Amino acid sequence: MGEAFESGWEGNISRGLTMPTSSLVMFEEEFKQITVVIDRLLKEANAKVVFVVDKDGQLIASSGDTGDIDTTSLASLTAGNIAATGGLAKLIGEREFSILFHEGERDNLHISIVAQRVILVVIFDQKSSLGLVRLRVKKASDELNTILQKLLQRVEKKPSDQENLLSEITDGDIDKLFH
Amino acid sequence: MSFINYSSREINCKIVYYGPGLCGKTTNLSFIFKKTNPEHRGKMISLATETERTLFFDFLPLSLGDIKGFKTRFHLYTVPGQIFYDASRKLILKGVDGIVFVADSQIERMDANMESFENMKINLKEQSYDLAGIPYVIQYNKRDLPGVAPVAELKKILNVDGAPDFEAVAAAGVGVFETLKAVVKLVLIELKKGT
């Protein structure tokens with residue numbers, strides 16, 4: 001298990017060896033574009049819920065009826081699941097398993113990796129089928145890939161928004177969190 | 001790796017509790033879970049064996065309040081401490097923003113502490129992180145037990161770099177929040193200067 005696990009974001013955002021400072025950043029514009037894609041996927045795949053999660057376990061966006069679902073836990077466990085199966089893949093000489101499918105009695109989970117960066121989760125029941133979900137996911141993945149590439153370029157080029165926000169944080173702000 | 005979402009105005013960070021088997025990582029999270037207002041935390045997830053040993057990780061999402069109109073959320077994870085779960089530990093360290101190293105103060109666990117600390121450095125390095133560049137704090141846990149090593153001794157062995165360190169009895173909650181606050185503060189300061 002000697003090799004480092006791949007993480008797509010780092011490959012595109014330059015980072016130093018000492019500190020993982022490169023944050024995943026999401027802006028309003030790209031967020032809206034991602035939401036449009038997953039809203040459409042939800043409809044076209046006849047799915048119940050669609051999530052986009054980053055590989056570190058942070059929920060990026062969701063579509064559909066998430067009311068009964070603990071979305072934070074879902075994001076974290078999905079990332080853990082992908083990380084564990086990614087580890088398995090490496091053990092047998094694969095780079096990753098890009099699709100995982102979990103079949104339940106009522107609901108099913110289709111999990112796929114988009115552009116090696118984010119995880120697309122689709123929850124569906126008997127109103128849809130694995131074939132349909134796979135087909136629609138493929139199309140949505142291409143669209144998400146394009147948006148993510150744009151987002152990465154934007155983060156690389158213009159980190160000023162982020163800098164402004166973070167540099168304005170004072171020690172007092174941080175202390176206040178604990179009162 | 002933190003996640004800053006300008007759309008939902010959130011800052012998300014990942015903190016990992018590391019340390020040898022049975023040092024009290026899960027106990028730290030359980031105490032935080034118990035004592036935090038349910039409005040400010042999510043469910044605690046423990047992927048554990050039937051004998052309650054951590055198999056993959058524990059997870060606890062915390063919401064700490066606003067900074068400049070951004071909600072700050074911290075995802076707390078523990079690693080499985082047992083030596084043979086090294087592959088899982090590597091996975092959980094991925095994207096880490098801050099680390100709490102929980103040491104077991106008992107003299108007979110000194111070797112296990114050192115081994116785990118070295119293991120942490122190796123696993124970080126494999127992912128191109130260097131411990132010196134990551135916000136981390138050390139907790140000397142189980143101070144209530146008989147036969148514990150003096151804190152000075154623990155410091156000399158585990159904290160040569162002078163990271164913030166805390167004595168704790170996690171089972172009774174002593175030092176748990178102090179440790180958490182310290183690492184959260186370091187993570188935010190790093191985030192501030194790191195960009």
# chains A, B, ... in the order shown; residues from 1 in each chain; ligands from 1
>>> select_by_dssp(residues="chain A", states="alpha helix (DSSP H)", output="ChimeraX atom specification")
/A:8-12,28-44,71-91,130-157,160-167,171-176
>>> write_last_selection(atoms="C-alpha atoms", output="CSV table (one decimal), in the first residue's frame")
chain,number,residue,atom,x,y,z
A,8,GLY,CA,-8.1,14.8,-8.6
A,9,TRP,CA,-8.2,18.3,-7.2
A,10,GLU,CA,-4.6,18.5,-6.2
A,11,GLY,CA,-3.5,17.6,-9.7
A,12,ASN,CA,-4.9,20.7,-11.0
A,28,GLU,CA,-22.5,30.7,-7.2
A,29,GLU,CA,-22.3,30.5,-11.0
A,30,GLU,CA,-20.8,27.0,-11.1
A,31,PHE,CA,-23.1,25.8,-8.3
A,32,LYS,CA,-26.1,26.9,-10.4
A,33,GLN,CA,-24.8,25.1,-13.4
A,34,ILE,CA,-24.2,21.9,-11.4
A,35,THR,CA,-27.7,22.2,-10.0
A,36,VAL,CA,-29.2,22.5,-13.5
A,37,VAL,CA,-27.4,19.3,-14.6
A,38,ILE,CA,-28.4,17.2,-11.6
A,39,ASP,CA,-32.0,18.5,-11.7
A,40,ARG,CA,-32.2,17.3,-15.3
A,41,LEU,CA,-30.6,14.0,-14.4
A,42,LEU,CA,-33.1,13.5,-11.6
A,43,LYS,CA,-35.9,14.0,-14.0
A,44,GLU,CA,-34.5,12.0,-17.0
A,71,THR,CA,-27.2,14.3,3.7
A,72,THR,CA,-24.0,15.1,5.6
A,73,SER,CA,-23.6,11.5,6.7
A,74,LEU,CA,-24.5,10.3,3.2
A,75,ALA,CA,-21.7,12.4,1.8
A,76,SER,CA,-19.1,11.2,4.3
A,77,LEU,CA,-20.0,7.6,3.9
A,78,THR,CA,-20.1,7.8,0.1
A,79,ALA,CA,-16.6,9.3,0.2
A,80,GLY,CA,-15.5,6.5,2.6
A,81,ASN,CA,-17.0,3.9,0.3
A,82,ILE,CA,-15.3,5.3,-2.8
A,83,ALA,CA,-12.0,5.6,-0.9
A,84,ALA,CA,-12.2,2.0,0.3
A,85,THR,CA,-13.1,0.6,-3.1
A,86,GLY,CA,-10.4,2.7,-4.6
A,87,GLY,CA,-8.0,1.1,-2.2
A,88,LEU,CA,-9.3,-2.3,-3.3
A,89,ALA,CA,-8.9,-1.4,-6.9
A,90,LYS,CA,-5.2,-0.5,-6.4
A,91,LEU,CA,-4.6,-3.8,-4.7
A,130,LEU,CA,-30.1,0.5,-13.7
A,131,GLY,CA,-29.8,0.7,-17.4
A,132,LEU,CA,-31.6,4.0,-17.6
A,133,VAL,CA,-29.7,5.5,-14.7
A,134,ARG,CA,-26.4,4.4,-16.2
A,135,LEU,CA,-27.3,6.0,-19.5
A,136,ARG,CA,-28.4,9.3,-18.0
A,137,VAL,CA,-25.5,9.4,-15.6
A,138,LYS,CA,-23.0,9.1,-18.5
A,139,LYS,CA,-24.5,12.2,-20.2
A,140,ALA,CA,-24.6,14.2,-16.9
A,141,SER,CA,-21.0,13.2,-16.1
A,142,ASP,CA,-19.8,14.7,-19.3
A,143,GLU,CA,-21.6,18.0,-18.5
A,144,LEU,CA,-20.4,18.0,-14.9
A,145,ASN,CA,-16.9,17.4,-16.1
A,146,THR,CA,-17.0,20.5,-18.3
A,147,ILE,CA,-18.3,22.6,-15.4
A,148,LEU,CA,-15.6,21.3,-13.0
A,149,GLN,CA,-12.8,22.0,-15.4
A,150,LYS,CA,-14.1,25.6,-15.7
A,151,LEU,CA,-14.3,25.9,-11.9
A,152,LEU,CA,-10.7,24.6,-11.5
A,153,GLN,CA,-9.5,27.1,-14.1
A,154,ARG,CA,-11.3,29.9,-12.3
A,155,VAL,CA,-9.8,28.9,-8.9
A,156,GLU,CA,-6.4,28.8,-10.4
A,157,LYS,CA,-6.7,32.1,-12.1
A,160,SER,CA,-8.7,36.8,-5.0
A,161,ASP,CA,-12.3,36.3,-3.8
A,162,GLN,CA,-11.2,33.5,-1.5
A,163,GLU,CA,-8.2,35.5,-0.2
A,164,ASN,CA,-10.4,38.4,0.6
A,165,LEU,CA,-12.8,36.4,2.7
A,166,LEU,CA,-10.1,34.5,4.6
A,167,SER,CA,-7.8,37.4,5.2
A,171,ASP,CA,-8.6,36.2,15.8
A,172,GLY,CA,-11.6,37.7,17.5
A,173,ASP,CA,-13.9,36.1,15.0
A,174,ILE,CA,-12.4,32.7,15.7
A,175,ASP,CA,-12.6,33.2,19.5
A,176,LYS,CA,-16.3,34.2,19.2
>>> closest_atom_pairs(of="region 64-105 of chain B", to="region 126-150 of chain B", cutoff="12 Å", atoms="only C-alpha atoms", output="Markdown table")
| residue | atom | partner | partner_atom | distance |
| --- | --- | --- | --- | --- |
| B:Ala87 | CA | B:Glu126 | CA | 11.8 |
| B:Arg89 | CA | B:Glu126 | CA | 11.8 |
| B:Lys90 | CA | B:Gln127 | CA | 8.4 |
| B:Leu91 | CA | B:Gln127 | CA | 9.8 |
| B:Ile92 | CA | B:Gln127 | CA | 11.3 |
| B:Leu93 | CA | B:Gln127 | CA | 8.5 |
| B:Lys94 | CA | B:Gln127 | CA | 7.4 |
| B:Gly95 | CA | B:Gln127 | CA | 9.2 |
| B:Val96 | CA | B:Ile134 | CA | 8.5 |
| B:Asp97 | CA | B:Ile134 | CA | 6.9 |
| B:Gly98 | CA | B:Pro135 | CA | 4.9 |
| B:Ile99 | CA | B:Tyr136 | CA | 4.5 |
| B:Val100 | CA | B:Val137 | CA | 5.1 |
| B:Phe101 | CA | B:Ile138 | CA | 4.8 |
| B:Val102 | CA | B:Gln139 | CA | 4.8 |
| B:Ala103 | CA | B:Tyr140 | CA | 5.0 |
| B:Asp104 | CA | B:Asn141 | CA | 5.3 |
| B:Ser105 | CA | B:Val148 | CA | 5.1 |
>>> interface_residues(of="chain B", to="chain A", cutoff="9 Å", atoms="only C-alpha atoms", output="PyMOL selection string")
chain B and resi 1-8+12-14+42-45+56-57+59-61+64-68+72+75+86-88+90-92+94-97+123+125-135+181+184-185+188-195
>>> closest_residue(among="B:Leu22, B:Leu55, B:Pro38, B:Asn159", to="Phe84 (chain B)", atoms="only C-alpha atoms")
B:Leu55
>>> atom_distance(atom1="CA of Leu100 (chain A)", atom2="CA of Ala48 (chain B)")
22.4 Å
>>> residues_around(residues="Pro20 (chain B)", least_positions_apart="2", cutoff="12 Å", atoms="only C-alpha atoms", output="PyMOL selection string")
chain B and resi 17-18+22-26+53-54+78-86+89+101-106+109-120+140-141
>>> write_last_selection(atoms="C-alpha atoms", output="PDB file, in the first residue's frame")
ATOM      1  CA  TYR B  17      -8.244  12.188  15.496  1.00  0.00           C
ATOM      2  CA  TYR B  18      -5.200   9.927  15.234  1.00  0.00           C
ATOM      3  CA  LEU B  22      -7.741   2.133  22.563  1.00  0.00           C
ATOM      4  CA  CYS B  23      -6.252   5.578  23.268  1.00  0.00           C
ATOM      5  CA  GLY B  24      -9.678   7.234  23.344  1.00  0.00           C
ATOM      6  CA  LYS B  25     -10.262   8.757  19.901  1.00  0.00           C
ATOM      7  CA  THR B  26     -13.829   7.500  19.661  1.00  0.00           C
ATOM      8  CA  ARG B  53     -13.450  -1.331  17.998  1.00  0.00           C
ATOM      9  CA  THR B  54     -13.307   1.198  15.186  1.00  0.00           C
ATOM     10  CA  THR B  78     -11.248   9.152  13.885  1.00  0.00           C
ATOM     11  CA  VAL B  79      -8.952   6.578  12.358  1.00  0.00           C
ATOM     12  CA  PRO B  80      -8.929   2.931  13.446  1.00  0.00           C
ATOM     13  CA  GLY B  81      -5.999   2.704  15.841  1.00  0.00           C
ATOM     14  CA  GLN B  82      -5.149  -0.952  15.499  1.00  0.00           C
ATOM     15  CA  ILE B  83      -1.920  -1.516  13.585  1.00  0.00           C
ATOM     16  CA  PHE B  84      -3.356  -3.755  10.877  1.00  0.00           C
ATOM     17  CA  TYR B  85      -5.861  -1.142   9.707  1.00  0.00           C
ATOM     18  CA  ASP B  86      -3.159   1.004   8.151  1.00  0.00           C
ATOM     19  CA  ARG B  89      -5.912   5.182   8.117  1.00  0.00           C
ATOM     20  CA  PHE B 101      -3.018  13.152  18.086  1.00  0.00           C
ATOM     21  CA  VAL B 102      -4.461  11.317  21.087  1.00  0.00           C
ATOM     22  CA  ALA B 103      -1.781   9.663  23.178  1.00  0.00           C
ATOM     23  CA  ASP B 104      -2.451   7.035  25.834  1.00  0.00           C
ATOM     24  CA  SER B 105      -0.654   8.247  28.973  1.00  0.00           C
ATOM     25  CA  GLN B 106      -0.102   4.782  30.413  1.00  0.00           C
ATOM     26  CA  ARG B 109       1.424   2.266  25.912  1.00  0.00           C
ATOM     27  CA  MET B 110       4.423   4.499  25.264  1.00  0.00           C
ATOM     28  CA  ASP B 111       5.748   2.304  22.462  1.00  0.00           C
ATOM     29  CA  ALA B 112       2.305   2.204  20.875  1.00  0.00           C
ATOM     30  CA  ASN B 113       2.121   6.024  21.028  1.00  0.00           C
ATOM     31  CA  MET B 114       5.486   6.414  19.359  1.00  0.00           C
ATOM     32  CA  GLU B 115       4.679   3.853  16.721  1.00  0.00           C
ATOM     33  CA  SER B 116       1.370   5.525  15.919  1.00  0.00           C
ATOM     34  CA  PHE B 117       2.983   8.974  15.754  1.00  0.00           C
ATOM     35  CA  GLU B 118       5.623   7.725  13.318  1.00  0.00           C
ATOM     36  CA  ASN B 119       2.946   5.928  11.332  1.00  0.00           C
ATOM     37  CA  MET B 120       0.995   9.184  11.089  1.00  0.00           C
ATOM     38  CA  TYR B 140      -2.359  13.171  26.650  1.00  0.00           C
ATOM     39  CA  ASN B 141      -5.375  11.079  27.520  1.00  0.00           C
TER      40      ASN B 141
END
>>> select_by_dssp(residues="chain B", states="strand (DSSP E)", output="PyMOL selection string")
chain B and resi 3-5+10-18+45-48+54-67+70-78+98-104+136-141+165-167
>>> atom_distance(atom1="CA of Gly162 (chain B)", atom2="CA of Ile15 (chain B)")
19.4 Å
>>> atom_distance(atom1="CA of Ala45 (chain A)", atom2="CA of Glu96 (chain A)")
24.6 Å
